[in-house]
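Text of input_25.cif (mmCIF, C-alpha atoms) as supplied:
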data_data
loop_
_atom_site.label_atom_id
_atom_site.label_comp_id
_atom_site.auth_asym_id
_atom_site.auth_seq_id
_atom_site.Cartn_x
_atom_site.Cartn_y
_atom_site.Cartn_z
CA MET A 3 126.08 157.76 145.53
CA ALA A 4 125.03 160.28 142.93
CA ASN A 5 122.19 162.70 143.56
CA SER A 6 118.75 161.17 143.64
CA LEU A 7 116.92 161.26 140.33
CA LYS A 8 113.67 163.18 140.37
CA ILE A 9 111.04 161.48 138.23
CA VAL A 10 107.41 162.52 137.72
CA THR A 11 104.50 160.39 136.55
CA ILE A 12 101.75 161.56 134.20
CA CYS A 13 98.66 159.36 134.22
CA GLY A 14 96.40 159.05 131.15
CA SER A 15 93.23 158.07 133.01
CA LEU A 16 91.01 160.46 134.94
CA ARG A 17 88.75 157.94 136.66
CA LYS A 18 89.20 157.20 140.34
CA LYS A 19 89.47 153.41 140.25
CA SER A 20 91.76 153.37 137.22
CA TYR A 21 94.27 150.52 137.01
CA ASN A 22 96.75 152.92 135.45
CA ALA A 23 96.36 155.52 138.19
CA SER A 24 96.92 152.74 140.73
CA LEU A 25 100.04 151.67 138.85
CA ALA A 26 101.37 155.24 138.90
CA ARG A 27 100.70 155.50 142.65
CA LEU A 28 102.66 152.31 143.27
CA LEU A 29 105.85 153.42 141.52
CA PRO A 30 107.41 155.41 144.42
CA GLN A 31 107.55 152.16 146.43
CA LEU A 32 109.21 150.23 143.62
CA ALA A 33 111.80 152.86 142.71
CA PRO A 34 115.49 152.09 143.18
CA SER A 35 117.20 153.84 146.09
CA ASP A 36 118.63 156.61 143.91
CA MET A 37 115.26 157.67 142.46
CA THR A 38 112.27 159.54 143.85
CA ILE A 39 108.99 159.37 141.98
CA SER A 40 106.01 161.69 142.45
CA ALA A 41 102.87 162.57 140.51
CA ALA A 42 103.10 165.52 138.11
CA PRO A 43 100.43 168.25 138.39
CA GLY A 44 97.16 167.34 136.69
CA TYR A 45 95.80 168.33 133.29
CA GLU A 46 92.05 167.85 133.89
CA SER A 47 91.49 171.60 133.81
CA PHE A 48 93.14 172.16 130.41
CA PRO A 49 90.78 173.52 127.75
CA HIS A 50 90.71 171.89 124.33
CA PHE A 51 93.85 172.96 122.51
CA ASN A 52 93.19 175.95 120.30
CA GLN A 53 95.97 178.02 118.83
CA ASP A 54 93.80 181.13 119.22
CA LEU A 55 93.90 180.80 123.03
CA PRO A 56 96.80 182.00 125.20
CA VAL A 57 98.63 179.19 127.02
CA PRO A 58 96.63 178.58 130.23
CA ALA A 59 98.45 178.91 133.58
CA ASP A 60 97.78 175.25 134.45
CA VAL A 61 99.61 174.17 131.31
CA MET A 62 102.66 176.13 132.44
CA VAL A 63 102.50 174.40 135.84
CA LEU A 64 102.69 170.95 134.25
CA ALA A 65 105.28 172.11 131.71
CA ASP A 66 107.47 173.48 134.50
CA ALA A 67 107.17 170.21 136.43
CA VAL A 68 108.29 168.25 133.37
CA ARG A 69 111.17 170.67 132.81
CA ALA A 70 112.28 170.38 136.45
CA ALA A 71 112.20 166.57 136.42
CA ASP A 72 115.11 164.35 135.41
CA GLY A 73 112.65 162.05 133.68
CA VAL A 74 108.98 161.34 133.15
CA ILE A 75 107.01 158.11 133.30
CA ILE A 76 103.77 158.18 131.32
CA VAL A 77 101.30 155.62 132.65
CA SER A 78 98.23 155.43 130.48
CA PRO A 79 95.37 153.27 129.31
CA GLU A 80 94.65 152.75 125.62
CA TYR A 81 91.43 154.28 124.27
CA GLY A 82 90.36 153.34 120.77
CA TRP A 83 93.71 151.63 120.09
CA THR A 84 95.67 154.81 120.78
CA ILE A 85 96.37 157.62 123.27
CA PRO A 86 93.43 158.92 125.37
CA GLY A 87 92.23 162.24 123.96
CA ALA A 88 92.52 164.02 127.31
CA LEU A 89 96.19 163.04 127.66
CA LYS A 90 96.94 163.86 124.02
CA ASN A 91 95.32 167.27 124.55
CA ALA A 92 97.70 167.88 127.47
CA LEU A 93 100.69 166.91 125.29
CA ASP A 94 99.40 169.15 122.49
CA TRP A 95 99.38 172.12 124.88
CA ILE A 96 102.77 171.40 126.43
CA SER A 97 104.35 170.94 123.02
CA LYS A 98 103.48 174.56 122.23
CA THR A 99 105.16 176.09 125.29
CA LYS A 100 108.42 177.94 124.99
CA ASP A 101 111.57 175.99 125.82
CA GLN A 102 109.50 172.89 125.03
CA PRO A 103 109.93 170.73 128.13
CA PHE A 104 109.90 167.29 126.52
CA LYS A 105 112.88 168.06 124.33
CA ASP A 106 115.71 165.68 125.29
CA LYS A 107 113.67 164.54 128.31
CA PRO A 108 114.03 160.87 129.23
CA ILE A 109 110.61 159.20 129.14
CA ALA A 110 109.48 155.71 130.12
CA LEU A 111 106.09 154.22 129.25
CA GLN A 112 103.83 151.96 131.25
CA SER A 113 100.30 150.79 130.66
CA ALA A 114 97.67 148.38 131.87
CA SER A 115 94.60 147.09 130.06
CA VAL A 116 91.96 144.46 130.68
CA GLY A 117 92.64 142.89 127.26
CA PRO A 118 95.55 140.69 126.18
CA LEU A 119 97.81 143.38 124.64
CA GLY A 120 98.42 145.60 127.68
CA ALA A 121 97.76 148.80 125.70
CA SER A 122 100.79 148.22 123.51
CA ARG A 123 99.11 149.88 120.52
CA MET A 124 98.81 153.06 122.59
CA GLN A 125 102.51 152.82 123.50
CA TYR A 126 103.67 152.57 119.88
CA HIS A 127 101.54 155.56 118.89
CA MET A 128 102.91 157.39 121.93
CA ARG A 129 106.46 156.67 120.75
CA GLN A 130 105.63 158.38 117.45
CA THR A 131 104.18 161.43 119.21
CA LEU A 132 107.17 161.61 121.55
CA ALA A 133 109.46 161.57 118.52
CA SER A 134 107.69 164.70 117.30
CA ILE A 135 108.47 166.49 120.56
CA ASP A 136 112.03 165.21 120.57
CA ALA A 137 111.87 163.23 123.82
CA LEU A 138 114.36 160.48 124.60
CA VAL A 139 112.19 157.41 125.00
CA PHE A 140 113.46 154.47 127.04
CA VAL A 141 113.31 151.15 125.18
CA LYS A 142 113.25 147.90 127.21
CA PRO A 143 111.94 146.27 129.30
CA GLU A 144 108.47 147.42 128.29
CA VAL A 145 105.76 147.45 130.93
CA GLN A 146 102.45 146.48 129.32
CA ILE A 147 100.22 144.84 131.91
CA ALA A 148 97.59 142.73 130.17
CA PHE A 149 94.52 141.11 131.76
CA ALA A 150 94.59 143.79 134.46
CA LYS A 151 91.47 142.38 136.13
CA ASP A 152 93.50 139.36 137.23
CA LYS A 153 96.48 141.39 138.42
CA PHE A 154 94.94 144.17 140.48
CA ASP A 155 92.88 143.73 143.63
CA PRO A 156 89.21 144.29 142.69
CA GLU A 157 88.53 146.28 145.88
CA THR A 158 91.65 148.35 146.51
CA VAL A 159 92.83 148.37 142.83
CA ALA A 160 96.35 147.63 144.15
CA LEU A 161 98.66 145.69 141.83
CA THR A 162 99.06 142.21 143.32
CA ASP A 163 100.77 140.30 140.49
CA GLN A 164 104.35 139.56 141.54
CA ALA A 165 105.70 139.05 137.99
CA SER A 166 104.42 142.52 137.02
CA ILE A 167 105.91 144.07 140.15
CA ASP A 168 109.30 142.47 139.42
CA LEU A 169 109.21 143.67 135.83
CA ILE A 170 108.39 147.23 136.91
CA ARG A 171 111.34 147.18 139.34
CA GLN A 172 113.61 146.09 136.48
CA GLN A 173 112.28 148.84 134.23
CA LEU A 174 112.72 151.54 136.88
CA GLU A 175 116.28 150.41 137.57
CA ALA A 176 117.16 150.39 133.87
CA PHE A 177 115.36 153.71 133.35
CA GLY A 178 117.47 155.26 136.12
CA LYS A 179 120.64 154.15 134.32
CA PHE A 180 119.26 155.47 131.03
CA VAL A 181 118.50 158.87 132.59
CA ARG A 182 122.02 159.13 133.98
CA ARG A 183 123.55 158.06 130.66
CA VAL A 184 121.71 160.68 128.60
CA GLN A 185 121.95 163.53 131.10
CA VAL A 186 124.23 166.31 129.95
CA MET B 21 72.14 160.58 97.00
CA SER B 22 74.03 160.87 100.23
CA ASN B 23 74.18 163.22 103.20
CA VAL B 24 77.68 163.58 104.55
CA ILE B 25 79.04 165.48 107.56
CA THR B 26 82.52 166.87 108.10
CA ILE B 27 84.18 166.68 111.52
CA CYS B 28 86.93 169.27 111.81
CA GLY B 29 89.81 168.58 114.21
CA SER B 30 90.97 172.17 114.60
CA LEU B 31 89.30 174.74 116.82
CA ARG B 32 91.12 177.88 115.70
CA LYS B 33 89.29 180.36 113.53
CA ALA B 34 91.80 180.69 110.69
CA SER B 35 92.43 176.94 110.49
CA PHE B 36 93.47 175.60 107.08
CA ASN B 37 91.56 172.42 107.84
CA ARG B 38 88.39 174.38 108.50
CA MET B 39 88.95 176.18 105.18
CA LEU B 40 89.32 172.75 103.58
CA ALA B 41 86.11 171.46 105.19
CA ASN B 42 84.33 174.63 104.07
CA ALA B 43 85.48 174.04 100.47
CA LEU B 44 83.93 170.56 100.27
CA PRO B 45 80.26 171.44 99.55
CA GLY B 46 81.45 173.30 96.44
CA LEU B 47 83.49 170.30 95.24
CA ALA B 48 80.94 167.56 95.96
CA PRO B 49 79.41 165.53 93.13
CA ALA B 50 75.73 165.94 92.31
CA GLY B 51 73.62 164.16 94.89
CA MET B 52 76.06 164.54 97.78
CA THR B 53 75.30 167.17 100.40
CA ILE B 54 78.03 168.05 102.89
CA LYS B 55 77.49 169.86 106.18
CA ALA B 56 79.58 170.57 109.25
CA SER B 57 79.05 168.33 112.29
CA PRO B 58 78.16 169.67 115.75
CA THR B 59 81.14 170.73 117.87
CA ILE B 60 83.85 168.35 119.07
CA GLU B 61 84.32 170.44 122.25
CA MET B 62 83.12 168.34 125.19
CA PRO B 63 84.46 167.56 128.68
CA LEU B 64 87.63 165.50 128.97
CA TYR B 65 86.58 161.85 129.01
CA SER B 66 86.45 159.95 132.28
CA ALA B 67 84.51 156.76 132.98
CA ASP B 68 83.38 158.41 136.24
CA LEU B 69 81.80 161.25 134.23
CA GLN B 70 80.25 158.78 131.81
CA ALA B 71 78.56 157.09 134.77
CA GLU B 72 76.68 160.37 135.29
CA GLY B 73 75.55 160.38 131.65
CA PHE B 74 76.94 161.45 128.29
CA PRO B 75 77.47 165.22 127.92
CA PRO B 76 74.95 166.86 125.55
CA ALA B 77 77.71 167.72 123.06
CA ALA B 78 78.75 164.05 122.86
CA THR B 79 75.15 162.95 122.31
CA ALA B 80 74.67 165.59 119.61
CA LEU B 81 77.82 164.49 117.79
CA GLY B 82 76.91 160.80 118.10
CA ASP B 83 73.41 161.45 116.76
CA ALA B 84 74.77 163.46 113.82
CA ILE B 85 77.19 160.66 112.88
CA ARG B 86 74.42 158.06 113.12
CA ALA B 87 72.13 160.16 110.92
CA ALA B 88 74.77 160.73 108.22
CA ASP B 89 75.44 158.39 105.30
CA GLY B 90 79.12 159.18 105.58
CA VAL B 91 81.63 161.17 107.61
CA ILE B 92 84.63 163.13 106.38
CA ILE B 93 87.20 163.83 109.09
CA VAL B 94 89.22 166.92 108.19
CA THR B 95 91.94 167.53 110.71
CA PRO B 96 95.43 168.86 111.30
CA GLU B 97 98.22 166.69 112.64
CA TYR B 98 99.40 167.56 116.15
CA ASN B 99 102.67 165.99 117.29
CA TYR B 100 102.62 163.35 114.56
CA SER B 101 99.14 162.16 115.53
CA VAL B 102 95.46 163.00 116.02
CA PRO B 103 94.66 166.25 117.92
CA GLY B 104 93.76 165.52 121.55
CA ALA B 105 90.51 167.47 121.37
CA LEU B 106 89.28 165.40 118.40
CA LYS B 107 90.46 162.16 119.99
CA ASN B 108 88.58 163.10 123.16
CA ALA B 109 85.36 163.47 121.15
CA ILE B 110 85.99 160.05 119.57
CA ASP B 111 86.64 158.59 123.05
CA TRP B 112 83.16 159.72 124.12
CA VAL B 113 81.36 158.60 120.96
CA SER B 114 83.09 155.22 120.98
CA ARG B 115 81.45 154.37 124.34
CA MET B 116 77.89 154.82 123.12
CA LYS B 117 75.40 152.03 122.68
CA ASP B 118 74.65 151.59 118.97
CA GLN B 119 78.17 152.97 118.46
CA PRO B 120 77.79 155.64 115.76
CA PHE B 121 80.94 154.84 113.77
CA ALA B 122 80.16 151.10 113.43
CA ASN B 123 79.91 150.30 109.70
CA LYS B 124 79.92 154.01 108.89
CA PRO B 125 81.69 155.08 105.68
CA VAL B 126 84.50 157.43 106.74
CA CYS B 127 86.88 159.44 104.64
CA LEU B 128 90.00 161.34 105.79
CA GLN B 129 91.47 164.67 104.72
CA SER B 130 94.17 166.83 106.22
CA ALA B 131 96.14 169.98 105.56
CA THR B 132 99.44 171.05 107.10
CA GLN B 133 102.01 173.74 106.48
CA GLY B 134 104.73 171.11 106.21
CA PRO B 135 105.35 168.81 103.24
CA LEU B 136 103.60 165.64 104.49
CA GLY B 137 100.08 167.00 104.70
CA GLY B 138 99.13 165.19 107.91
CA ALA B 139 99.95 161.68 106.67
CA ARG B 140 101.27 160.49 110.04
CA MET B 141 98.03 161.59 111.68
CA GLN B 142 95.93 159.81 109.03
CA TYR B 143 97.59 156.44 109.59
CA HIS B 144 96.97 156.76 113.34
CA ALA B 145 93.37 157.74 112.56
CA ARG B 146 93.04 154.58 110.44
CA THR B 147 94.12 152.49 113.43
CA ILE B 148 91.44 154.16 115.57
CA MET B 149 88.85 153.55 112.85
CA VAL B 150 89.59 149.82 113.00
CA PHE B 151 88.74 149.88 116.69
CA LEU B 152 85.55 151.80 115.87
CA ASP B 153 84.62 149.31 113.13
CA ALA B 154 84.23 152.12 110.63
CA PHE B 155 84.36 151.51 106.91
CA VAL B 156 87.28 153.70 105.82
CA PHE B 157 87.67 154.87 102.23
CA ASN B 158 91.11 154.18 100.74
CA LYS B 159 92.19 156.16 97.69
CA PRO B 160 92.76 158.80 96.54
CA GLU B 161 94.11 160.13 99.85
CA ILE B 162 93.97 163.87 100.52
CA PHE B 163 97.15 165.24 102.11
CA VAL B 164 97.30 168.99 101.49
CA GLY B 165 100.94 169.84 102.20
CA MET B 166 102.32 173.41 102.17
CA ALA B 167 98.78 174.63 102.90
CA GLN B 168 99.91 178.23 103.29
CA ASN B 169 100.51 178.29 99.52
CA LYS B 170 97.20 176.67 98.59
CA PHE B 171 94.58 178.68 100.44
CA ASP B 172 93.79 182.35 100.27
CA GLU B 173 94.40 183.26 103.92
CA LYS B 174 92.03 186.25 103.71
CA THR B 175 89.00 184.65 102.05
CA GLY B 176 89.71 181.08 103.17
CA GLU B 177 89.25 179.87 99.61
CA LEU B 178 91.06 176.77 98.38
CA LYS B 179 92.72 178.12 95.27
CA ASP B 180 95.15 175.34 94.30
CA GLU B 181 93.68 173.72 91.20
CA ALA B 182 95.47 170.37 91.55
CA THR B 183 94.16 170.04 95.11
CA ARG B 184 90.62 170.93 94.03
CA THR B 185 90.78 168.28 91.32
CA ILE B 186 91.98 165.48 93.58
CA ILE B 187 89.37 166.37 96.21
CA LYS B 188 86.65 166.15 93.55
CA GLN B 189 88.00 162.71 92.64
CA GLN B 190 88.00 161.63 96.28
CA LEU B 191 84.45 162.86 96.87
CA GLU B 192 83.24 161.09 93.72
CA GLY B 193 84.94 157.92 94.87
CA PHE B 194 83.52 158.34 98.36
CA GLU B 195 80.00 158.78 96.93
CA LYS B 196 80.33 155.44 95.12
CA PHE B 197 81.80 153.86 98.23
CA ILE B 198 78.78 155.04 100.26
CA GLU B 199 76.33 153.76 97.61
CA ARG B 200 78.05 150.38 97.47
CA HIS B 201 77.90 150.18 101.22
CA LYS B 202 74.18 150.97 101.22
CA HIS B 203 73.59 148.03 98.87
CA HIS B 204 75.53 145.76 101.20
CA LYS B 205 73.38 146.80 104.11
CA ALA B 206 70.16 146.31 102.15
#
Let me see the structure of the file written as C-alpha cells.
Amino acid sequence: MANSLKIVTICGSLRKKSYNASLARLLPQLAPSDMTISAAPGYESFPHFNQDLPVPADVMVLADAVRAADGVIIVSPEYGWTIPGALKNALDWISKTKDQPFKDKPIALQSASVGPLGASRMQYHMRQTLASIDALVFVKPEVQIAFAKDKFDPETVALTDQASIDLIRQQLEAFGKFVRRVQV
Amino acid sequence: MSNVITICGSLRKASFNRMLANALPGLAPAGMTIKASPTIEMPLYSADLQAEGFPPAATALGDAIRAADGVIIVTPEYNYSVPGALKNAIDWVSRMKDQPFANKPVCLQSATQGPLGGARMQYHARTIMVFLDAFVFNKPEIFVGMAQNKFDEKTGELKDEATRTIIKQQLEGFEKFIERHKHHKA
C-alpha cells in the first residue's frame, strides 16, 4: 500500500448550519483507506484583498496547508450564480503568494444547494478561476447535490441521502487515483 | 438626465480601474452625472451575520444603488473572474429586501495590464447580473487592455485617445439605455 494521501477541504460557507460545511465534515468518513481528509485552516480573518497590503500571516497559514497537501477538495455553495465573495477573496490572496500553492495541485469540487442545479454554475466558474492559478482540476464524477433540504437532516444537518453518499465515495476514490497519477 | 454611480472593484490606491472610474465624469454626455459609490469593504458574508442585521457599509451601498439611475461597475479581473472583495459586497446587497440591482441599468468596464482587458471577468459578472435581475448594457464593451500604456501613472489621467472615444460612445449609449428603461417603468 502506498503512503496515505493527505487531502484538505476548503469550505465556501461561513455559517454554522451550512449544508456545504456539513458535507466537508463528512468526507473523512467516506474517504478510501489510502486517503486522510482534514479541514484546511480558515480564511474568515482575511482582509479584503488589496495589493497595497502585505500578505497577512493567516493567508500564509492557509497557503502552507494547501502546499503541504497532496490535494484539495473545495466544498462551496453558490452565491449569485458564482463563487462566494469570501471564498474568492481567499483565493485572490493565496494566488499572490510566492511559490503559488495551487500550481499543479490536484483539486476536486463539491457543492450543495437547495435549488435543482446543485451549485453547478459556481463549479464551472470555479474551474475557470482554477485554470488561472494553474491547478489540476479533477473531472468526473461531479458532486453537485441539488435539493439539499431533502438530503440533509433538518436538525443535525447531516447528509442522509444514500445516493449522494455513494456518489461522493466514488468521487473520492477516483480523485485518489487522479492525485497519484499526476503526482511527480 | 441621469445620476449614475461607479462601483470600483479594486482597493489599491494606484489602481488603473480607479483611474478609469475617475475619468468617467469628464467623458460623460451632457445630463449624466457620475459619482463614486460608497465603499465595497464590508465583513465577509455569512447568513449567521446577516441574522444580526446588515452591516452599515452594506446598507449604504444598497441605498446608493437604489437611488442611482444606473450603475457602472469598473473592476479588475482577479484569477479570471470577479475580485472576491467586490463579489462579497454583491453577496450582501443581493440579500436585501427590495433588492437594489433588480431592474437597475448596469454597465461594465475593466482595465488590465494584459491584452484581454478583463473580458473573462466581465462575462462572469454578466452571469451574476442575471441572478440579480439587473438590466445590463451590451455594446460597446469597454476592455482596456495594456492599461500601463494608456494611463499616466503619475497623474492617473486616461491619455489614450481611442479609449477615451469608445468610453464616450459607451456612456452615450448607456444614457439612452437608462432613458429607455425609465420610459418602460413609467
Just need the residues of chain A within 9 Å of chain B, counting all atoms listed in the file, so spit them out as a ChimeraX atom specification.
/A:15-19,46-55,81-94,97,127-128,130-135
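Note on the selection: in this file the PyMOL selection byres ((chain B and resi 202) around 12) comes out as Met21, Ser22, Asp89, Gly90, Asn123, Lys124, Pro125, Phe155, Glu195, Lys196, Phe197, Ile198, Glu199, Arg200, His201, His203, His204, Lys205 and Ala206 of chain B.
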Written as JSON, numbers by chain, which residues does the PyMOL selection byres ((chain A and resi 75) around 8) give for the file shown?
{"A": [9, 10, 11, 12, 73, 74, 76, 77, 109, 110, 111, 112]}
Can you list what the PyMOL selection byres ((chain B and resi 96) around 6) grabs from this structure, as number ranges by chain?
B: 95, 97, 130-131
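Put simply, atom CA of Glu173 of chain B is 13.3 Å away from atom CA of Ala43 of chain B.
Between atom CA of Ala88 of chain B and atom CA of Met116 of chain B the separation is 16.3 Å.
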Please provide as a PyMOL selection string all residues within 8 Å of Lys105 of chain A, with the sequence filter that same-chain residues fewer than 2 positions apart are discarded (counting all atoms listed in the file).
chain A and resi 102-103+107+135-138
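Reported to one decimal place, the separation of atom CA of Gly165 of chain B from atom CA of Asn23 of chain B is 27.6 Å.
In terms of minimum interatomic distance to Leu169 of chain A, A:Pro143 ranks closest within A:Gly120, A:Pro156, A:Pro79, A:Pro143, counting all atoms listed in the file.
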Mind checking which residues fall within 12 Å of Val24 of chain B, counting only C-alpha atoms, ignoring those fewer than 4 positions away in the same chain, and posting them as a ChimeraX atom specification?
/B:41,44-45,48-49,51-57,84-93,124-127,191,194-195,198
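Among the candidates B:Lys179, B:Ala77, B:Tyr143, B:Val94, the residue lying nearest to Arg38 of chain B is B:Val94 (atoms considered: all atoms listed in the file).
Of the residues under consideration (A:Lys8, A:Arg69, A:Lys142, A:Arg129), A:Lys142 shows the shortest atom-to-atom contact distance to Ile170 of chain A when counting all atoms listed in the file.
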Which residues are near Thr99 of chain A? Cut-off 9 Å, all atoms listed in the file, ignore same chain within fewer than 2 positions. Put them as a PyMOL selection string.
chain A and resi 57+61-62+65+95-97+101-103
Residues at most 10 Å from Glu177 of chain B, counting all atoms listed in the file, excluding those fewer than 5 positions away in the same chain, as a ChimeraX atom specification?
/B:36,39-40,42-43,170-172
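Nearest residue to Asp72 of chain A among A:Asn5, A:Ser166, A:Ala23, A:Pro30 is A:Asn5, counting only C-alpha atoms.
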For segment 171-186 of chain A, what centre and edge lengths in Å (one decimal) does the axis-aligned box get once 6 Å is added on each side of all its listed atoms, as JSON?
{"center_x": 117.8, "center_y": 156.2, "center_z": 134.0, "size_x": 24.9, "size_y": 32.2, "size_z": 22.7}
Using the structure block above, produce a file of segment 61-84 of chain A that contains C-alpha atoms, as a PDB file, in the first residue's frame.
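Below you can see out.pdb, which holds the result:
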ATOM      1  CA  VAL A  61      -3.031  33.818   4.378  1.00  0.00           C
ATOM      2  CA  MET A  62       0.381  32.178   4.640  1.00  0.00           C
ATOM      3  CA  VAL A  63      -1.051  29.597   7.054  1.00  0.00           C
ATOM      4  CA  LEU A  64      -3.709  28.533   4.550  1.00  0.00           C
ATOM      5  CA  ALA A  65      -1.250  28.730   1.643  1.00  0.00           C
ATOM      6  CA  ASP A  66       1.187  26.483   3.507  1.00  0.00           C
ATOM      7  CA  ALA A  67      -1.576  23.973   4.251  1.00  0.00           C
ATOM      8  CA  VAL A  68      -2.502  23.832   0.562  1.00  0.00           C
ATOM      9  CA  ARG A  69       1.160  23.440  -0.391  1.00  0.00           C
ATOM     10  CA  ALA A  70       1.640  20.613   2.130  1.00  0.00           C
ATOM     11  CA  ALA A  71      -1.449  18.717   0.957  1.00  0.00           C
ATOM     12  CA  ASP A  72      -1.471  16.143  -1.840  1.00  0.00           C
ATOM     13  CA  GLY A  73      -4.809  17.527  -2.966  1.00  0.00           C
ATOM     14  CA  VAL A  74      -7.598  19.916  -2.071  1.00  0.00           C
ATOM     15  CA  ILE A  75     -11.366  19.492  -2.100  1.00  0.00           C
ATOM     16  CA  ILE A  76     -13.281  22.753  -2.373  1.00  0.00           C
ATOM     17  CA  VAL A  77     -16.799  22.392  -0.982  1.00  0.00           C
ATOM     18  CA  SER A  78     -18.828  25.512  -1.567  1.00  0.00           C
ATOM     19  CA  PRO A  79     -22.292  26.940  -2.008  1.00  0.00           C
ATOM     20  CA  GLU A  80     -23.177  29.108  -4.990  1.00  0.00           C
ATOM     21  CA  TYR A  81     -23.916  32.781  -4.282  1.00  0.00           C
ATOM     22  CA  GLY A  82     -25.357  34.870  -7.086  1.00  0.00           C
ATOM     23  CA  TRP A  83     -24.700  32.087  -9.624  1.00  0.00           C
ATOM     24  CA  THR A  84     -20.978  32.052  -8.894  1.00  0.00           C
TER      25      THR A  84
END
